[in-house]
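Trainee: Here you go, input_29.csv (CSV, C-alpha atoms):
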```
chain,number,residue,atom,x,y,z
A,1,MET,CA,149.6,42.4,69.8
A,2,VAL,CA,150.3,41.9,73.4
A,3,GLU,CA,147.7,40.0,75.3
A,4,LYS,CA,145.7,42.0,77.8
A,5,GLN,CA,147.9,45.1,77.6
A,6,ARG,CA,147.2,47.6,80.3
A,7,GLY,CA,147.1,51.3,79.4
A,8,ILE,CA,149.2,53.9,81.0
A,9,THR,CA,150.3,57.5,80.4
A,10,ILE,CA,154.0,58.1,80.5
A,11,TRP,CA,154.2,61.9,80.9
A,12,LEU,CA,157.6,63.4,79.9
A,13,THR,CA,158.0,66.9,81.4
A,14,GLY,CA,161.0,69.2,81.1
A,15,LEU,CA,162.6,72.2,79.5
A,16,SER,CA,162.7,72.7,75.8
A,17,GLY,CA,165.9,70.9,74.6
A,18,ALA,CA,166.0,68.6,77.7
A,19,GLY,CA,165.6,65.5,75.5
A,20,LYS,CA,161.8,64.7,75.8
A,21,THR,CA,161.3,64.0,72.1
A,22,THR,CA,164.5,62.0,71.7
A,23,ILE,CA,163.6,59.8,74.7
A,24,CYS,CA,160.1,59.6,73.5
A,25,GLN,CA,161.2,58.3,70.0
A,26,PHE,CA,163.5,55.8,71.6
A,27,LEU,CA,160.7,54.5,73.9
A,28,GLU,CA,158.4,54.4,71.0
A,29,THR,CA,160.7,52.2,68.9
A,30,GLU,CA,161.4,49.8,71.8
A,31,LEU,CA,157.7,49.4,72.8
A,32,ARG,CA,156.6,49.0,69.2
A,33,SER,CA,159.2,46.3,68.7
A,34,GLN,CA,157.4,44.4,71.4
A,35,ASP,CA,154.1,44.9,69.8
A,36,TYR,CA,152.6,47.2,72.4
A,37,LYS,CA,149.8,49.4,71.3
A,38,LEU,CA,151.1,52.9,71.6
A,39,GLU,CA,150.3,56.5,70.9
A,40,VAL,CA,152.6,59.5,71.1
A,41,LEU,CA,151.1,62.9,72.0
A,42,ASP,CA,153.7,65.4,71.2
A,43,GLY,CA,153.2,68.9,72.6
A,44,ASP,CA,153.8,70.6,69.2
A,45,VAL,CA,151.5,68.2,67.3
A,46,ILE,CA,148.8,68.7,69.9
A,47,ARG,CA,149.1,72.5,69.7
A,48,GLN,CA,148.5,72.1,66.0
A,49,ASN,CA,145.5,69.7,66.3
A,50,LEU,CA,143.8,70.5,69.5
A,51,SER,CA,145.0,73.9,70.7
A,52,LYS,CA,145.2,76.2,67.7
A,53,GLY,CA,144.7,79.7,69.0
A,54,LEU,CA,145.9,79.1,72.5
A,55,THR,CA,148.8,81.3,73.6
A,56,PHE,CA,151.6,80.6,76.0
A,57,SER,CA,149.9,82.5,78.9
A,58,LYS,CA,149.6,80.4,82.1
A,59,GLU,CA,145.9,80.0,81.6
A,60,ASP,CA,146.3,78.8,78.0
A,61,ARG,CA,149.2,76.5,78.9
A,62,ASP,CA,147.1,74.9,81.6
A,63,GLU,CA,144.2,74.5,79.1
A,64,ASN,CA,146.6,72.9,76.6
A,65,ILE,CA,147.8,70.4,79.3
A,66,ARG,CA,144.2,69.6,80.2
A,67,ARG,CA,143.4,68.8,76.6
A,68,ILE,CA,146.4,66.5,76.3
A,69,GLY,CA,145.3,64.9,79.5
A,70,PHE,CA,141.8,64.4,78.3
A,71,VAL,CA,143.0,62.6,75.2
A,72,ALA,CA,145.6,60.6,77.1
A,73,HIS,CA,142.9,59.5,79.5
A,74,LEU,CA,140.6,58.3,76.8
A,75,LEU,CA,143.4,56.2,75.3
A,76,THR,CA,144.8,55.0,78.6
A,77,ARG,CA,141.5,53.6,79.7
A,78,ASN,CA,141.2,51.7,76.5
A,79,ASN,CA,144.5,49.9,77.2
A,80,VAL,CA,146.8,52.0,75.1
A,81,ILE,CA,150.3,53.1,76.3
A,82,VAL,CA,150.5,56.8,75.7
A,83,ILE,CA,153.7,58.8,75.7
A,84,VAL,CA,153.2,62.5,76.2
A,85,ALA,CA,156.2,64.8,75.5
A,86,ALA,CA,155.3,68.3,76.6
A,87,ILE,CA,157.1,71.0,78.5
A,88,SER,CA,154.2,71.2,81.0
A,89,PRO,CA,155.9,73.7,83.2
A,90,TYR,CA,153.3,74.0,86.0
A,91,ARG,CA,153.0,71.6,88.8
A,92,ALA,CA,149.4,72.0,89.7
A,93,VAL,CA,148.0,71.0,86.4
A,94,ARG,CA,150.4,68.1,86.0
A,95,GLU,CA,149.1,66.8,89.4
A,96,GLU,CA,145.5,67.4,88.3
A,97,VAL,CA,146.0,65.3,85.1
A,98,LYS,CA,147.9,62.6,87.0
A,99,ALA,CA,145.1,62.3,89.5
A,100,LYS,CA,142.5,62.1,86.7
A,101,ILE,CA,144.2,59.5,84.6
A,102,GLY,CA,145.4,57.3,87.5
A,103,ASP,CA,147.5,54.9,85.4
A,104,PHE,CA,150.2,57.5,85.0
A,105,ILE,CA,153.9,58.1,85.6
A,106,GLU,CA,155.5,61.5,85.7
A,107,VAL,CA,158.9,61.4,84.2
A,108,TYR,CA,161.2,64.4,84.7
A,109,ILE,CA,163.5,64.9,81.8
A,110,ASN,CA,166.1,66.9,83.6
A,111,ALA,CA,168.9,68.8,82.0
A,112,PRO,CA,170.3,72.1,83.3
A,113,LEU,CA,169.1,75.2,81.6
A,114,GLU,CA,172.6,76.0,80.4
A,115,VAL,CA,172.8,72.7,78.7
A,116,CYS,CA,169.4,73.0,77.0
A,117,GLU,CA,170.3,76.5,75.9
A,118,GLN,CA,173.6,75.4,74.5
A,119,ARG,CA,171.9,72.6,72.6
A,120,ASP,CA,169.2,74.9,71.3
A,121,ILE,CA,168.1,72.5,68.6
A,122,LYS,CA,165.2,74.5,67.5
A,123,GLY,CA,166.9,77.9,67.9
A,124,LEU,CA,164.2,78.9,70.3
A,125,TYR,CA,166.4,80.0,73.2
A,126,LYS,CA,168.3,82.4,71.0
A,127,LYS,CA,165.0,83.9,69.9
A,128,ALA,CA,163.7,84.1,73.5
A,129,ARG,CA,167.0,85.8,74.6
A,130,ALA,CA,166.5,88.3,71.8
A,131,GLY,CA,163.0,88.9,73.0
A,132,GLU,CA,161.4,87.6,69.8
A,133,ILE,CA,159.5,84.9,71.8
A,134,LYS,CA,157.7,85.8,75.0
A,135,ASN,CA,156.8,83.6,77.9
A,136,PHE,CA,159.5,81.1,77.0
A,137,THR,CA,160.0,78.4,79.7
A,138,GLY,CA,163.3,78.8,81.5
A,139,ILE,CA,163.9,82.3,80.2
A,140,ASP,CA,161.0,84.5,81.1
A,141,ASP,CA,158.5,81.9,82.3
A,142,ILE,CA,158.9,79.5,85.2
A,143,TYR,CA,159.5,75.8,85.1
A,144,GLU,CA,158.2,74.2,88.3
A,145,VAL,CA,160.5,71.2,88.9
A,146,PRO,CA,158.6,68.0,89.8
A,147,LEU,CA,158.9,67.3,93.5
A,148,THR,CA,158.2,63.6,93.4
A,149,PRO,CA,158.6,62.4,89.8
A,150,ASP,CA,158.2,58.6,89.3
A,151,VAL,CA,161.3,58.6,87.2
A,152,GLU,CA,164.0,61.2,86.7
A,153,CYS,CA,166.3,61.2,83.7
A,154,LYS,CA,169.4,63.3,83.8
A,155,THR,CA,170.1,63.6,80.1
A,156,ASN,CA,173.4,65.4,80.5
A,157,GLN,CA,174.8,62.5,82.6
A,158,GLU,CA,173.1,59.5,81.0
A,159,THR,CA,172.9,58.0,77.5
A,160,ILE,CA,169.5,58.0,75.8
A,161,ALA,CA,169.3,54.2,76.3
A,162,GLN,CA,170.1,54.6,80.0
A,163,SER,CA,167.3,57.2,80.4
A,164,ALA,CA,164.9,55.0,78.5
A,165,SER,CA,165.8,52.0,80.5
A,166,LYS,CA,164.9,53.8,83.7
A,167,ILE,CA,161.4,54.4,82.3
A,168,LEU,CA,161.0,50.8,81.1
A,169,ASN,CA,162.2,49.5,84.4
A,170,LYS,CA,159.6,51.5,86.2
A,171,LEU,CA,156.9,50.2,83.8
A,172,GLU,CA,158.0,46.7,84.4
A,173,GLU,CA,158.1,47.2,88.1
A,174,LEU,CA,154.6,48.5,88.1
A,175,ARG,CA,153.5,45.5,85.9
A,176,TYR,CA,152.5,47.6,82.8
A,177,ILE,CA,154.9,45.8,80.6
A,178,GLN,CA,156.7,42.4,80.4
A,179,PRO,CA,160.4,42.1,81.2
A,180,PHE,CA,162.3,43.5,78.2
A,181,THR,CA,164.7,41.5,76.0
A,182,SER,CA,165.7,44.1,73.5
A,183,PRO,CA,169.4,43.7,72.5
A,184,GLN,CA,169.7,47.4,72.4
A,185,LEU,CA,168.8,47.7,76.0
A,186,GLN,CA,170.0,44.6,77.7
A,187,ASN,CA,173.3,46.1,78.7
A,188,HIS,CA,171.6,49.0,80.4
A,189,HIS,CA,168.6,47.2,81.7
A,190,SER,CA,169.4,47.1,85.4
A,191,PRO,CA,167.9,49.2,88.1
A,192,VAL,CA,169.3,52.7,87.8
A,193,GLY,CA,169.2,55.9,89.6
B,1,MET,CA,136.3,41.9,76.3
B,2,VAL,CA,135.6,41.0,72.7
B,3,GLU,CA,138.5,39.2,71.1
B,4,LYS,CA,140.3,41.2,68.4
B,5,GLN,CA,137.7,44.0,68.2
B,6,ARG,CA,138.1,46.3,65.3
B,7,GLY,CA,137.8,50.0,65.8
B,8,ILE,CA,135.3,52.2,64.0
B,9,THR,CA,133.9,55.7,64.3
B,10,ILE,CA,130.1,55.9,64.1
B,11,TRP,CA,129.4,59.5,63.3
B,12,LEU,CA,125.9,60.7,64.1
B,13,THR,CA,125.1,64.0,62.4
B,14,GLY,CA,121.8,65.9,62.4
B,15,LEU,CA,119.9,68.8,63.7
B,16,SER,CA,119.7,69.7,67.4
B,17,GLY,CA,116.8,67.6,68.7
B,18,ALA,CA,116.9,65.0,65.9
B,19,GLY,CA,117.7,62.3,68.4
B,20,LYS,CA,121.5,61.9,68.2
B,21,THR,CA,122.1,61.7,71.9
B,22,THR,CA,119.1,59.3,72.5
B,23,ILE,CA,120.3,56.9,69.8
B,24,CYS,CA,123.9,57.3,71.0
B,25,GLN,CA,122.9,56.2,74.5
B,26,PHE,CA,120.9,53.3,73.2
B,27,LEU,CA,123.8,52.1,71.1
B,28,GLU,CA,126.1,52.6,74.0
B,29,THR,CA,124.0,50.4,76.2
B,30,GLU,CA,123.7,47.7,73.6
B,31,LEU,CA,127.4,47.6,72.6
B,32,ARG,CA,128.6,47.6,76.2
B,33,SER,CA,126.2,44.8,77.1
B,34,GLN,CA,128.2,42.8,74.5
B,35,ASP,CA,131.5,43.9,76.0
B,36,TYR,CA,132.7,46.1,73.2
B,37,LYS,CA,135.3,48.7,74.1
B,38,LEU,CA,133.6,51.9,73.4
B,39,GLU,CA,133.9,55.7,73.8
B,40,VAL,CA,131.2,58.3,73.3
B,41,LEU,CA,132.4,61.7,72.0
B,42,ASP,CA,129.4,64.0,72.6
B,43,GLY,CA,129.5,67.4,70.9
B,44,ASP,CA,128.7,69.3,74.1
B,45,VAL,CA,131.3,67.4,76.2
B,46,ILE,CA,134.0,68.0,73.6
B,47,ARG,CA,133.2,71.7,73.4
B,48,GLN,CA,133.8,71.8,77.2
B,49,ASN,CA,137.0,69.7,77.1
B,50,LEU,CA,138.7,70.5,73.8
B,51,SER,CA,137.1,73.5,72.3
B,52,LYS,CA,136.6,76.0,75.0
B,53,GLY,CA,136.7,79.4,73.4
B,54,LEU,CA,135.6,78.3,69.9
B,55,THR,CA,132.5,80.1,68.6
B,56,PHE,CA,129.8,78.8,66.3
B,57,SER,CA,131.2,80.5,63.2
B,58,LYS,CA,131.8,78.3,60.2
B,59,GLU,CA,135.5,78.3,60.8
B,60,ASP,CA,135.3,77.5,64.5
B,61,ARG,CA,132.7,74.8,63.9
B,62,ASP,CA,135.0,73.2,61.3
B,63,GLU,CA,137.9,73.4,63.8
B,64,ASN,CA,135.7,71.7,66.5
B,65,ILE,CA,134.8,68.9,64.1
B,66,ARG,CA,138.5,68.4,63.2
B,67,ARG,CA,139.3,68.1,66.9
B,68,ILE,CA,136.6,65.5,67.4
B,69,GLY,CA,137.9,63.7,64.3
B,70,PHE,CA,141.5,63.8,65.6
B,71,VAL,CA,140.5,62.1,68.9
B,72,ALA,CA,138.1,59.7,67.2
B,73,HIS,CA,140.9,58.7,64.9
B,74,LEU,CA,143.4,58.0,67.7
B,75,LEU,CA,140.8,55.8,69.4
B,76,THR,CA,139.6,54.0,66.3
B,77,ARG,CA,143.0,53.0,65.2
B,78,ASN,CA,143.5,51.5,68.7
B,79,ASN,CA,140.5,49.2,68.1
B,80,VAL,CA,137.9,51.2,70.0
B,81,ILE,CA,134.4,51.7,68.8
B,82,VAL,CA,133.7,55.5,68.9
B,83,ILE,CA,130.3,57.0,68.8
B,84,VAL,CA,130.3,60.7,67.9
B,85,ALA,CA,127.1,62.7,68.4
B,86,ALA,CA,127.6,66.2,67.0
B,87,ILE,CA,125.4,68.4,64.8
B,88,SER,CA,128.4,68.7,62.3
B,89,PRO,CA,126.4,70.7,59.8
B,90,TYR,CA,129.0,71.1,57.1
B,91,ARG,CA,129.5,68.4,54.5
B,92,ALA,CA,133.1,69.2,53.5
B,93,VAL,CA,134.6,68.7,56.9
B,94,ARG,CA,132.5,65.6,57.6
B,95,GLU,CA,134.0,64.1,54.4
B,96,GLU,CA,137.5,65.2,55.4
B,97,VAL,CA,137.2,63.5,58.7
B,98,LYS,CA,135.7,60.4,57.2
B,99,ALA,CA,138.6,60.1,54.7
B,100,LYS,CA,141.1,60.6,57.4
B,101,ILE,CA,139.7,58.0,59.8
B,102,GLY,CA,138.8,55.4,57.2
B,103,ASP,CA,137.0,53.0,59.5
B,104,PHE,CA,134.0,55.3,59.7
B,105,ILE,CA,130.3,55.3,59.0
B,106,GLU,CA,128.3,58.5,58.6
B,107,VAL,CA,124.8,58.2,60.1
B,108,TYR,CA,122.3,60.8,59.3
B,109,ILE,CA,119.9,61.3,62.2
B,110,ASN,CA,117.1,62.8,60.2
B,111,ALA,CA,114.0,64.5,61.6
B,112,PRO,CA,112.2,67.4,59.9
B,113,LEU,CA,113.1,70.8,61.4
B,114,GLU,CA,109.5,71.3,62.5
B,115,VAL,CA,109.7,68.1,64.5
B,116,CYS,CA,113.0,69.1,66.1
B,117,GLU,CA,111.7,72.5,66.9
B,118,GLN,CA,108.5,71.1,68.4
B,119,ARG,CA,110.5,68.8,70.6
B,120,ASP,CA,113.0,71.6,71.6
B,121,ILE,CA,114.3,69.5,74.5
B,122,LYS,CA,117.0,72.0,75.5
B,123,GLY,CA,114.8,75.1,74.7
B,124,LEU,CA,117.4,76.2,72.2
B,125,TYR,CA,115.1,76.7,69.2
B,126,LYS,CA,113.0,79.1,71.2
B,127,LYS,CA,116.1,81.1,72.1
B,128,ALA,CA,117.3,81.0,68.5
B,129,ARG,CA,113.9,82.2,67.2
B,130,ALA,CA,114.0,85.0,69.8
B,131,GLY,CA,117.5,86.0,68.5
B,132,GLU,CA,119.1,85.1,71.8
B,133,ILE,CA,121.4,82.6,70.1
B,134,LYS,CA,123.1,83.3,66.8
B,135,ASN,CA,124.3,80.9,64.1
B,136,PHE,CA,121.9,78.2,65.3
B,137,THR,CA,121.8,75.3,62.8
B,138,GLY,CA,118.4,75.1,61.0
B,139,ILE,CA,117.4,78.6,62.0
B,140,ASP,CA,120.0,81.1,60.9
B,141,ASP,CA,122.8,78.7,59.9
B,142,ILE,CA,122.7,76.0,57.3
B,143,TYR,CA,122.6,72.2,57.8
B,144,GLU,CA,124.1,70.4,54.8
B,145,VAL,CA,122.2,67.1,54.4
B,146,PRO,CA,124.4,64.1,53.9
B,147,LEU,CA,124.2,63.0,50.3
B,148,THR,CA,125.3,59.5,50.7
B,149,PRO,CA,125.1,58.6,54.4
B,150,ASP,CA,126.0,55.0,55.3
B,151,VAL,CA,122.8,54.8,57.4
B,152,GLU,CA,119.8,57.1,57.6
B,153,CYS,CA,117.6,57.1,60.7
B,154,LYS,CA,114.2,58.8,60.3
B,155,THR,CA,113.5,59.4,63.9
B,156,ASN,CA,110.0,60.7,63.4
B,157,GLN,CA,109.0,57.5,61.7
B,158,GLU,CA,111.0,54.9,63.6
B,159,THR,CA,111.3,53.8,67.2
B,160,ILE,CA,114.7,54.3,68.8
B,161,ALA,CA,115.3,50.6,68.7
B,162,GLN,CA,114.6,50.5,65.0
B,163,SER,CA,117.0,53.3,64.3
B,164,ALA,CA,119.7,51.7,66.5
B,165,SER,CA,119.1,48.4,64.7
B,166,LYS,CA,119.8,49.9,61.3
B,167,ILE,CA,123.2,51.1,62.6
B,168,LEU,CA,124.0,47.8,64.3
B,169,ASN,CA,123.0,45.9,61.1
B,170,LYS,CA,125.4,48.1,59.1
B,171,LEU,CA,128.2,47.4,61.6
B,172,GLU,CA,127.5,43.7,61.4
B,173,GLU,CA,127.4,43.8,57.6
B,174,LEU,CA,130.8,45.5,57.5
B,175,ARG,CA,132.1,42.9,60.0
B,176,TYR,CA,132.9,45.4,62.8
B,177,ILE,CA,130.7,43.5,65.2
B,178,GLN,CA,129.3,40.0,65.7
B,179,PRO,CA,125.7,39.2,65.1
B,180,PHE,CA,123.6,40.6,67.8
B,181,THR,CA,121.4,38.7,70.2
B,182,SER,CA,120.0,41.4,72.5
B,183,PRO,CA,116.4,40.5,73.5
B,184,GLN,CA,115.6,44.2,73.3
B,185,LEU,CA,116.6,44.3,69.7
B,186,GLN,CA,115.8,40.9,68.2
B,187,ASN,CA,112.3,41.8,67.1
B,188,HIS,CA,113.7,44.7,65.1
B,189,HIS,CA,116.9,43.1,64.0
B,190,SER,CA,116.2,42.6,60.3
B,191,PRO,CA,117.4,44.7,57.4
B,192,VAL,CA,115.5,48.0,57.4
B,193,GLY,CA,115.4,51.0,55.3
```
Show me the file's structure as structure tokens.

Mentor:
Amino acid sequence: MVEKQRGITIWLTGLSGAGKTTICQFLETELRSQDYKLEVLDGDVIRQNLSKGLTFSKEDRDENIRRIGFVAHLLTRNNVIVIVAAISPYRAVREEVKAKIGDFIEVYINAPLEVCEQRDIKGLYKKARAGEIKNFTGIDDIYEVPLTPDVECKTNQETIAQSASKILNKLEELRYIQPFTSPQLQNHHSPVG
Amino acid sequence: MVEKQRGITIWLTGLSGAGKTTICQFLETELRSQDYKLEVLDGDVIRQNLSKGLTFSKEDRDENIRRIGFVAHLLTRNNVIVIVAAISPYRAVREEVKAKIGDFIEVYINAPLEVCEQRDIKGLYKKARAGEIKNFTGIDDIYEVPLTPDVECKTNQETIAQSASKILNKLEELRYIQPFTSPQLQNHHSPVG
């Protein structure tokens, strides 16, 4: 275990299909390989465990984000690195959670809607277009783009390793982690973006 | 901070008014004085933060307990000592949460219903008797007594310090904490019960 690890919440926000889960998994592998204590709070898993019954109305989405924030806060203040991967489409509640947790970076996982829709890994865009899913972010519900994200990853222009490197660089710059020596990353581990 | 602290969930179950919160606060003070990393998950606070909208039906109570268990598990496996204070009236879901978390002791905070009702600190028994609150544990909803609690505190026969000592003794016996040297406790710190 890393000595005197500091906790932080790394909040990945972006459209469905933008690459949040992929980048999250990559980060998880990298950080675990360096023995950081880490928890992943994935939007879908949280819906199952903490938010059963909540809908996708604005009010319920905000409540869902607050619950994720509540748990992330508890972990972060106990020196755990927490990666949240959740669409979290509304700006105000993202700001609210950021202010509450303090040790927090907002990471905008940015891919154009057309790209996300083309990927359509879970087949959800197709369903949303067909009207089988309502309030789907990007189709019939708004996504409020982060105005001042701490990191922005453009997943249609960068490799996964490049995107992850940006995030790790930021953590290093803010002194949450030690300089990284992963062979997988060293070729990409220079200031980007 | 304590070196290499092990996480554990200390789950206080019992009727409203049995003394869960009081014992919880006492334990919290003692453990913090020894620099243990600690979080308290209080039933009422969790209802506010994770379970808004849940009722007091059996199904919703079970869901509430599972959510507390989910969060307690995340913290416990990251080496935090978690004290849960929640009525948690149903045996099966308590067992389920215990099995999931592993590092867990069930503490039965036991006071006779008459005593709890006489104390009636929050005025809830009065309201339940008047029919203003439905599904109130002990009045018109069942409390399933733990069959094999790890610790039992009889709060109508013991001082708060004695009850807390039993719990701390158990944690020490199981090697979750170091031997205790608190002046407040030393007179009571012998195997009890």

Trainee: At what distance in Å, to one decimal, does CA of Gly19 (chain A) lie from CA of Asn135 (chain A)?

Mentor: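 According to the coordinates, CA of Asn135 (chain A) and CA of Gly19 (chain A) are separated by 20.3 Å.
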
Trainee: Might you pull out every residue within 12 Å of Glu114 (chain A), with only C-alpha atoms counted and same-chain residues fewer than 3 positions away left off, and present them as an MDAnalysis selection string?

Mentor: chainID A and resid 15:18 110:111 117:120 125 138:139 156

Trainee: Identify, on the basis of all atoms listed in the file, every residue whose closest approach to Ile109 (chain A) does not exceed 9 Å; exclude the query and any residue fewer than 2 positions from it along the same chain; express the result as a list in words.

Mentor: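 Non-adjacent residues within range: Leu12, Thr13, Gly14, Leu15, Ala18, Gly19, Lys20, Ile23, Val107, Ala111, Val151, Glu152, Cys153, Lys154, Thr155 and Ser163 of chain A.
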
Trainee: At a cut-off of 8 Å, list the chain B residues touching chain A, using all atoms listed in the file, as an MDAnalysis selection string.

Mentor: chainID B and resid 37 39 49:51 66:67 70:71 74:75 78 80

Trainee: Would you mind listing what lies within 8 Å of Glu106 (chain B) as a PyMOL selection string, with all atoms listed in the file counted and same-chain residues fewer than 2 positions away left out?

Mentor: chain B and resi 10-13+98+104+108+149-151

Trainee: Write out, as a PDB file, in the frame of the given file, the residues just selected, with C-alpha atoms.

Mentor:
```pdb
ATOM      1  CA  ILE B  10     130.100  55.900  64.100  1.00  0.00           C
ATOM      2  CA  TRP B  11     129.400  59.500  63.300  1.00  0.00           C
ATOM      3  CA  LEU B  12     125.900  60.700  64.100  1.00  0.00           C
ATOM      4  CA  THR B  13     125.100  64.000  62.400  1.00  0.00           C
ATOM      5  CA  LYS B  98     135.700  60.400  57.200  1.00  0.00           C
ATOM      6  CA  PHE B 104     134.000  55.300  59.700  1.00  0.00           C
ATOM      7  CA  TYR B 108     122.300  60.800  59.300  1.00  0.00           C
ATOM      8  CA  PRO B 149     125.100  58.600  54.400  1.00  0.00           C
ATOM      9  CA  ASP B 150     126.000  55.000  55.300  1.00  0.00           C
ATOM     10  CA  VAL B 151     122.800  54.800  57.400  1.00  0.00           C
TER      11      VAL B 151
END
```

Trainee: Would you compute the distance between CA of Lys127 (chain A) and CA of Thr22 (chain A)? Give it in Å to one decimal.

Mentor: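 CA of Thr22 (chain A) lies at a distance of 22.0 Å from CA of Lys127 (chain A).
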
Trainee: Interatomic distance between CA of Asp35 (chain A) and CA of Ile160 (chain A)?

Mentor: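 Separation of CA of Asp35 (chain A) and CA of Ile160 (chain A): 21.1 Å.
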
Trainee: With distances taken over all atoms listed in the file, which of B:Ile105, B:Ile133, B:Glu59, B:Leu41 is nearest to Lys170 (chain B)?

Mentor: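 So, comparing all the options, the nearest one is B:Ile105.
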
Trainee: Please return, as a VMD selection string, all polymer residues that have at least one atom within 7 Å of the point (157.1, 69.6, 83.8); use all atoms listed in the file and the file's own coordinate frame.

Mentor: chain A and resid 13 to 14 87 to 91 108 143 to 146
